$ cat protein.txt   # compact mmCIF, C-alpha atoms
# COMPACT_ATOMS: atom_id res chain seq x y z
CA MET A 11 133.52 -12.34 209.63
CA THR A 12 133.84 -9.28 207.40
CA ASP A 13 136.21 -10.89 204.87
CA PRO A 14 134.51 -13.99 203.44
CA LEU A 15 137.80 -15.30 202.08
CA ALA A 16 139.04 -15.60 205.65
CA TRP A 17 136.73 -18.60 206.07
CA MET A 18 138.48 -20.28 203.17
CA ASP A 19 141.91 -19.42 204.46
CA GLU A 20 141.00 -20.89 207.86
CA THR A 21 139.86 -24.27 206.51
CA PRO A 22 139.85 -24.49 202.70
CA LEU A 23 137.49 -27.45 202.47
CA VAL A 24 134.26 -26.93 200.54
CA ALA A 25 131.35 -29.24 201.34
CA ILE A 26 129.44 -29.91 198.10
CA LEU A 27 125.92 -30.73 199.25
CA ARG A 28 124.32 -32.24 196.16
CA GLY A 29 120.82 -33.53 196.84
CA LEU A 30 120.49 -31.96 200.28
CA THR A 31 116.83 -31.26 201.09
CA PRO A 32 115.70 -27.98 202.66
CA GLU A 33 114.38 -30.03 205.58
CA ASP A 34 117.84 -31.47 206.31
CA ALA A 35 119.83 -28.34 205.50
CA VAL A 36 120.07 -26.88 208.99
CA ALA A 37 121.08 -30.11 210.75
CA VAL A 38 123.68 -31.02 208.12
CA GLY A 39 125.04 -27.47 208.00
CA GLU A 40 125.39 -27.35 211.78
CA ALA A 41 127.18 -30.72 211.79
CA LEU A 42 129.64 -29.58 209.13
CA VAL A 43 130.46 -26.31 210.88
CA ALA A 44 130.86 -28.08 214.23
CA ALA A 45 133.35 -30.42 212.56
CA GLY A 46 135.41 -27.50 211.26
CA PHE A 47 134.11 -26.88 207.73
CA ARG A 48 133.81 -23.19 206.84
CA CYS A 49 132.67 -23.37 203.19
CA LEU A 50 129.36 -24.92 202.11
CA GLU A 51 128.18 -25.24 198.50
CA VAL A 52 124.67 -25.99 197.26
CA PRO A 53 124.74 -27.02 193.56
CA LEU A 54 122.01 -25.23 191.64
CA ASN A 55 121.27 -28.18 189.34
CA SER A 56 119.06 -29.91 191.89
CA PRO A 57 115.54 -29.34 193.27
CA ARG A 58 114.80 -26.26 195.40
CA PRO A 59 118.44 -25.13 195.62
CA LEU A 60 117.79 -21.54 196.67
CA GLU A 61 115.55 -22.67 199.51
CA ARG A 62 118.34 -24.93 200.76
CA LEU A 63 120.84 -22.13 200.34
CA SER A 64 118.78 -19.61 202.28
CA ARG A 65 118.23 -22.07 205.14
CA LEU A 66 121.97 -22.73 205.38
CA VAL A 67 122.70 -19.00 205.32
CA GLU A 68 120.21 -18.40 208.12
CA ALA A 69 121.60 -21.26 210.22
CA VAL A 70 125.37 -20.97 209.77
CA GLY A 71 126.00 -17.91 207.60
CA ASP A 72 127.65 -16.11 210.50
CA ARG A 73 130.17 -18.95 210.89
CA ALA A 74 130.78 -20.14 207.34
CA LEU A 75 131.00 -19.05 203.72
CA VAL A 76 127.80 -20.35 202.12
CA GLY A 77 127.12 -20.28 198.41
CA ALA A 78 126.27 -22.19 195.29
CA GLY A 79 127.87 -24.30 192.61
CA THR A 80 126.96 -24.98 188.98
CA VAL A 81 126.05 -21.32 188.54
CA LEU A 82 125.65 -20.99 184.79
CA SER A 83 124.31 -17.47 184.21
CA VAL A 84 124.34 -13.94 185.54
CA ASP A 85 120.71 -14.32 186.58
CA ALA A 86 121.60 -17.42 188.60
CA ALA A 87 124.45 -15.59 190.32
CA ARG A 88 122.06 -12.76 191.19
CA ALA A 89 119.61 -15.27 192.65
CA VAL A 90 122.38 -16.73 194.80
CA ALA A 91 123.27 -13.28 196.10
CA LYS A 92 119.60 -12.48 196.78
CA ALA A 93 119.30 -15.70 198.81
CA GLY A 94 122.24 -14.59 200.96
CA GLY A 95 124.98 -16.63 199.32
CA ARG A 96 128.49 -15.19 199.25
CA LEU A 97 130.28 -17.86 197.20
CA VAL A 98 129.83 -18.84 193.56
CA ILE A 99 131.51 -21.87 192.05
CA SER A 100 130.91 -21.60 188.37
CA PRO A 101 132.33 -22.22 184.91
CA GLY A 102 131.95 -18.48 184.34
CA MET A 103 132.91 -15.35 186.23
CA GLU A 104 129.45 -13.97 187.06
CA ALA A 105 130.25 -13.53 190.76
CA LYS A 106 132.71 -10.65 190.82
CA ALA A 107 130.33 -7.95 189.57
CA LEU A 108 128.02 -8.90 192.45
CA GLY A 109 130.73 -8.75 195.11
CA LEU A 110 130.74 -12.51 195.68
CA VAL A 111 133.67 -14.88 196.14
CA SER A 112 134.41 -16.50 192.77
CA LEU A 113 135.87 -20.00 192.42
CA PRO A 114 135.34 -20.99 188.79
CA GLY A 115 135.96 -24.53 187.65
CA VAL A 116 138.94 -25.06 185.36
CA PHE A 117 140.86 -27.98 183.91
CA THR A 118 143.43 -26.46 181.54
CA PRO A 119 146.01 -23.67 181.90
CA THR A 120 144.10 -21.62 179.32
CA GLU A 121 140.92 -21.81 181.40
CA ALA A 122 142.87 -21.01 184.55
CA PHE A 123 144.43 -17.85 183.12
CA GLN A 124 141.10 -16.71 181.68
CA ALA A 125 139.51 -17.11 185.12
CA LEU A 126 142.28 -15.22 186.88
CA ALA A 127 142.14 -12.41 184.33
CA ALA A 128 138.42 -12.06 185.08
CA GLY A 129 139.15 -11.63 188.79
CA ALA A 130 138.65 -15.13 190.21
CA ASP A 131 139.52 -15.46 193.89
CA GLY A 132 140.72 -19.02 193.32
CA LEU A 133 140.33 -21.98 191.00
CA LYS A 134 138.52 -25.28 191.28
CA LEU A 135 140.44 -28.01 189.46
CA PHE A 136 137.71 -30.35 188.22
CA PRO A 137 137.61 -33.24 187.69
CA ALA A 138 140.67 -33.64 189.86
CA GLU A 139 140.66 -37.42 189.63
CA VAL A 140 141.30 -37.12 185.89
CA ALA A 141 144.14 -34.60 186.24
CA GLY A 142 145.70 -36.39 189.20
CA PRO A 143 148.36 -34.86 191.46
CA LYS A 144 150.82 -34.83 188.54
CA GLY A 145 148.41 -32.75 186.49
CA LEU A 146 147.98 -30.31 189.35
CA LYS A 147 151.74 -30.04 189.83
CA ALA A 148 152.16 -29.18 186.14
CA LEU A 149 149.39 -26.58 186.32
CA ARG A 150 150.90 -24.98 189.42
CA ALA A 151 154.21 -24.59 187.62
CA VAL A 152 152.69 -21.98 185.29
CA LEU A 153 150.23 -20.25 187.66
CA PRO A 154 151.06 -17.26 189.88
CA ALA A 155 152.38 -18.57 193.18
CA ASP A 156 149.61 -16.98 195.24
CA THR A 157 146.76 -18.60 193.25
CA ARG A 158 144.36 -20.63 195.38
CA VAL A 159 143.72 -24.01 193.75
CA LEU A 160 141.19 -26.45 195.17
CA ALA A 161 141.17 -30.05 193.93
CA VAL A 162 137.61 -31.31 193.44
CA GLY A 163 136.61 -34.84 192.58
CA GLY A 164 137.75 -38.16 194.00
CA VAL A 165 139.67 -36.79 196.97
CA THR A 166 139.66 -38.84 200.19
CA PRO A 167 141.29 -38.28 203.58
CA GLU A 168 143.88 -40.89 202.61
CA THR A 169 144.91 -39.11 199.40
CA MET A 170 144.96 -35.54 200.69
CA GLY A 171 148.69 -35.66 201.48
CA ASP A 172 149.61 -36.43 197.86
CA TRP A 173 147.45 -33.56 196.64
CA VAL A 174 148.94 -31.10 199.11
CA LYS A 175 152.44 -32.09 198.02
CA ALA A 176 151.39 -31.43 194.43
CA GLY A 177 150.23 -27.93 195.34
CA ALA A 178 146.58 -28.15 196.38
CA ASP A 179 145.51 -25.28 198.65
CA GLY A 180 142.26 -27.00 199.58
CA PHE A 181 139.55 -29.33 198.40
CA GLY A 182 135.94 -29.56 197.33
CA ILE A 183 134.33 -32.70 198.68
CA GLY A 184 131.02 -34.14 197.53
CA GLY A 185 129.90 -37.75 197.66
CA ALA A 186 132.66 -38.82 200.04
CA LEU A 187 131.23 -36.36 202.55
CA TYR A 188 127.49 -36.19 201.91
CA ARG A 189 124.99 -38.31 199.99
CA PRO A 190 121.25 -37.64 199.89
CA GLY A 191 119.55 -39.01 202.97
CA ASP A 192 122.68 -39.21 205.13
CA ALA A 193 122.07 -38.39 208.78
CA ALA A 194 123.72 -35.25 210.08
CA GLU A 195 125.69 -37.30 212.63
CA ILE A 196 127.27 -39.41 209.87
CA VAL A 197 128.11 -36.33 207.83
CA GLY A 198 129.72 -34.80 210.90
CA GLU A 199 131.90 -37.88 211.44
CA ARG A 200 133.08 -37.82 207.82
CA ALA A 201 133.70 -34.09 208.03
CA ARG A 202 135.89 -34.49 211.11
CA ALA A 203 137.94 -37.13 209.27
CA PHE A 204 138.52 -34.74 206.38
CA VAL A 205 139.43 -31.84 208.68
CA GLU A 206 141.89 -34.00 210.61
CA ALA A 207 143.43 -35.27 207.37
CA TRP A 208 143.77 -31.71 206.07
CA ARG A 209 145.53 -30.56 209.21
CA GLY A 210 147.82 -33.57 209.10
CA ALA A 211 148.64 -33.11 205.42
CA ARG A 212 149.71 -29.53 206.00
$ encode --input "protein.txt" --output "structure tokens"
Amino acid sequence: MTDPLAWMDETPLVAILRGLTPEDAVAVGEALVAAGFRCLEVPLNSPRPLERLSRLVEAVGDRALVGAGTVLSVDAARAVAKAGGRLVISPGMEAKALGLVSLPGVFTPTEAFQALAAGADGLKLFPAEVAGPKGLKALRAVLPADTRVLAVGGVTPETMGDWVKAGADGFGIGGALYRPGDAAEIVGERARAFVEAWRGAR
């Protein structure tokens, strides 16, 4: 797909694969894409992240937007791009100069407006469980209407409906979807539950 944001518009659920080993990357990535996920994130603050990223890109990069989270410097963003990643989820805005999709993490309106002014393609509200749907609703009231906002942290299939009503455009999902050592089949089952809940909530 030529427009990487189209993956996010199709199914705006980001799989946060913290602790995924390079050896398991292909099987887990295939299971997630088969279940309907189109955005996969490898946090950089874990062992061998770029190796995991490159394996995911090679396996499913033609069917999903693959990138990295916890990108804390320009050099790290460049390394993500060199490994084939097209998505950066970061406290900063290092991605745009490299032509990557930028989803910086924010919690306050000030942070949100700073990110948008720097060219962010969307915002990751984190930690969402602290803000709650009421916090998101208040944030949405001051943001431009077309701003993509993904709630990240503590979201379950059962709570997605409340978040969507509050204005969530999508979600980042970590431990509720994948934990280190989980079999690809289990991850696929959880992923299908999240995709079905997303479609139902909309």
$ closest_residue --input "protein.txt" --among "A:Lys144, A:Arg202, A:Arg96, A:Arg189" --to "Ala44 of chain A" --atoms "all atoms listed in the file"
A:Arg202
$ closest_residue --input "protein.txt" --among "A:Asp85, A:Glu68, A:Glu206, A:Asp131" --to "Ile99 of chain A" --atoms "only C-alpha atoms"
A:Asp131
$ residues_near_point --input "protein.txt" --point "(148.2, -31.4, 189.3)" --cutoff "10 Å" --atoms "only C-alpha atoms" --output "short mmCIF file (atom, residue, chain, number, x, y, z; two decimals) with C-alpha atoms, keeping the file's coordinate frame"
data_model
loop_
_atom_site.label_atom_id
_atom_site.label_comp_id
_atom_site.auth_asym_id
_atom_site.auth_seq_id
_atom_site.Cartn_x
_atom_site.Cartn_y
_atom_site.Cartn_z
CA PHE A 117 140.86 -27.98 183.91
CA LEU A 135 140.44 -28.01 189.46
CA ALA A 138 140.67 -33.64 189.86
CA GLU A 139 140.66 -37.42 189.63
CA VAL A 140 141.30 -37.12 185.89
CA ALA A 141 144.14 -34.60 186.24
CA GLY A 142 145.70 -36.39 189.20
CA PRO A 143 148.36 -34.86 191.46
CA LYS A 144 150.82 -34.83 188.54
CA GLY A 145 148.41 -32.75 186.49
CA LEU A 146 147.98 -30.31 189.35
CA LYS A 147 151.74 -30.04 189.83
CA ALA A 148 152.16 -29.18 186.14
CA LEU A 149 149.39 -26.58 186.32
CA ARG A 150 150.90 -24.98 189.42
CA ALA A 151 154.21 -24.59 187.62
CA VAL A 159 143.72 -24.01 193.75
CA ALA A 161 141.17 -30.05 193.93
CA TRP A 173 147.45 -33.56 196.64
CA VAL A 174 148.94 -31.10 199.11
CA LYS A 175 152.44 -32.09 198.02
CA ALA A 176 151.39 -31.43 194.43
CA GLY A 177 150.23 -27.93 195.34
CA ALA A 178 146.58 -28.15 196.38
#
$ axis_aligned_box --input "protein.txt" --around "segment 168-176 of chain A" --padding-each-side "6 Å" --output "JSON"
{"center_x": 148.2, "center_y": -36.0, "center_z": 198.5, "size_x": 20.6, "size_y": 21.8, "size_z": 20.2}
$ closest_residue --input "protein.txt" --among "A:Arg58, A:Arg200, A:Lys106, A:Lys92" --to "Thr166 of chain A" --atoms "all atoms listed in the file"
A:Arg200
$ atom_distance --input "protein.txt" --atom1 "atom CA of Ser56 of chain A" --atom2 "atom CA of Gly95 of chain A"
16.3 Å
$ atom_distance --input "protein.txt" --atom1 "atom CA of Val152 of chain A" --atom2 "atom CA of Leu50 of chain A"
28.9 Å
$ atom_distance --input "protein.txt" --atom1 "atom CA of Glu51 of chain A" --atom2 "atom CA of Val205 of chain A"
16.5 Å
$ residues_around --input "protein.txt" --residues "Pro32 of chain A" --least-positions-apart "2" --cutoff "12 Å" --atoms "all atoms listed in the file" --output "JSON, numbers by chain"
{"A": [27, 28, 29, 30, 34, 35, 36, 37, 38, 39, 52, 56, 57, 58, 59, 60, 61, 62, 63, 64, 65, 66, 67, 68, 69, 190, 191]}
$ closest_residue --input "protein.txt" --among "A:Met18, A:Val84, A:Ala211, A:Val76" --to "Thr169 of chain A" --atoms "only C-alpha atoms"
A:Ala211
$ closest_residue --input "protein.txt" --among "A:Ala86, A:Leu75, A:Ala186, A:Ala93" --to "Val111 of chain A" --atoms "all atoms listed in the file"
A:Leu75
$ residues_around --input "protein.txt" --residues "Ala91 of chain A" --least-positions-apart "5" --cutoff "9 Å" --atoms "only C-alpha atoms" --output "list in words"
Gly77, Ala86, Arg96, Leu97, Val98, Ala105, Leu108, Gly109 and Leu110 of chain A
$ closest_residue --input "protein.txt" --among "A:Leu187, A:Ala16, A:Ala207, A:Ala194" --to "Met170 of chain A" --atoms "all atoms listed in the file"
A:Ala207
$ decode --input "protein.txt" --residues "segment 61-157 of chain A" --atoms "C-alpha atoms" --output "CSV table (one decimal), in the first residue's frame"
chain,number,residue,atom,x,y,z
A,61,GLU,CA,16.4,-7.3,14.5
A,62,ARG,CA,12.8,-8.0,15.5
A,63,LEU,CA,11.6,-5.0,13.5
A,64,SER,CA,13.4,-6.1,10.4
A,65,ARG,CA,12.0,-9.6,10.6
A,66,LEU,CA,8.5,-8.2,10.9
A,67,VAL,CA,9.0,-5.9,8.0
A,68,GLU,CA,10.3,-8.7,5.9
A,69,ALA,CA,7.4,-11.0,6.8
A,70,VAL,CA,4.3,-8.7,6.8
A,71,GLY,CA,5.6,-5.2,5.7
A,72,ASP,CA,3.6,-5.5,2.5
A,73,ARG,CA,0.4,-6.0,4.5
A,74,ALA,CA,0.9,-3.8,7.6
A,75,LEU,CA,2.4,-0.7,8.9
A,76,VAL,CA,5.4,-1.8,11.0
A,77,GLY,CA,7.5,0.4,13.2
A,78,ALA,CA,8.9,1.2,16.6
A,79,GLY,CA,7.9,2.7,19.9
A,80,THR,CA,9.9,4.4,22.6
A,81,VAL,CA,12.0,6.2,20.0
A,82,LEU,CA,13.9,8.8,22.0
A,83,SER,CA,16.3,10.3,19.6
A,84,VAL,CA,16.9,11.3,15.9
A,85,ASP,CA,19.5,8.5,15.6
A,86,ALA,CA,17.0,6.0,16.9
A,87,ALA,CA,14.4,7.2,14.4
A,88,ARG,CA,17.0,6.8,11.6
A,89,ALA,CA,17.8,3.3,12.7
A,90,VAL,CA,14.1,2.4,12.6
A,91,ALA,CA,13.9,3.8,9.0
A,92,LYS,CA,17.1,1.9,8.0
A,93,ALA,CA,15.5,-1.3,9.4
A,94,GLY,CA,12.5,-0.8,7.1
A,95,GLY,CA,10.1,0.6,9.7
A,96,ARG,CA,7.5,3.2,8.6
A,97,LEU,CA,6.0,4.1,11.9
A,98,VAL,CA,7.5,5.9,14.9
A,99,ILE,CA,5.7,6.2,18.2
A,100,SER,CA,7.7,8.6,20.3
A,101,PRO,CA,7.7,11.4,22.8
A,102,GLY,CA,9.4,13.5,20.2
A,103,MET,CA,8.8,14.3,16.6
A,104,GLU,CA,11.9,12.7,15.0
A,105,ALA,CA,9.9,10.8,12.4
A,106,LYS,CA,8.6,13.5,10.1
A,107,ALA,CA,12.0,14.6,8.7
A,108,LEU,CA,12.6,11.0,7.7
A,109,GLY,CA,9.2,10.5,6.0
A,110,LEU,CA,7.8,8.2,8.6
A,111,VAL,CA,4.4,8.1,10.2
A,112,SER,CA,4.5,9.9,13.5
A,113,LEU,CA,2.3,9.1,16.5
A,114,PRO,CA,3.9,10.8,19.5
A,115,GLY,CA,2.7,10.1,23.0
A,116,VAL,CA,0.9,12.9,24.8
A,117,PHE,CA,-1.1,13.3,28.0
A,118,THR,CA,-1.9,17.0,28.2
A,119,PRO,CA,-3.5,19.5,25.7
A,120,THR,CA,-0.2,21.4,25.6
A,121,GLU,CA,1.7,18.3,24.6
A,122,ALA,CA,-1.0,17.5,22.0
A,123,PHE,CA,-0.8,20.9,20.3
A,124,GLN,CA,3.0,20.9,20.3
A,125,ALA,CA,2.9,17.5,18.6
A,126,LEU,CA,0.4,18.6,16.0
A,127,ALA,CA,2.4,21.8,15.3
A,128,ALA,CA,5.4,19.6,14.6
A,129,GLY,CA,3.5,17.6,12.0
A,130,ALA,CA,2.3,14.5,13.9
A,131,ASP,CA,0.0,12.3,12.0
A,132,GLY,CA,-1.9,11.4,15.1
A,133,LEU,CA,-1.6,11.3,18.9
A,134,LYS,CA,-1.1,8.4,21.4
A,135,LEU,CA,-2.9,9.2,24.6
A,136,PHE,CA,-0.8,7.5,27.3
A,137,PRO,CA,-1.4,6.3,29.9
A,138,ALA,CA,-5.0,6.1,28.9
A,139,GLU,CA,-6.1,4.3,32.0
A,140,VAL,CA,-5.1,7.4,34.0
A,141,ALA,CA,-6.9,9.9,31.8
A,142,GLY,CA,-10.0,7.7,31.4
A,143,PRO,CA,-12.7,8.2,28.8
A,144,LYS,CA,-13.7,11.5,30.5
A,145,GLY,CA,-10.1,12.8,30.1
A,146,LEU,CA,-10.1,11.9,26.4
A,147,LYS,CA,-13.5,13.6,25.9
A,148,ALA,CA,-12.2,16.8,27.5
A,149,LEU,CA,-9.0,16.6,25.3
A,150,ARG,CA,-11.1,16.1,22.1
A,151,ALA,CA,-13.1,19.2,22.9
A,152,VAL,CA,-10.1,21.4,22.2
A,153,LEU,CA,-8.3,19.4,19.5
A,154,PRO,CA,-9.0,19.9,15.7
A,155,ALA,CA,-11.8,17.5,14.7
A,156,ASP,CA,-9.7,15.6,12.3
A,157,THR,CA,-7.0,14.7,14.8
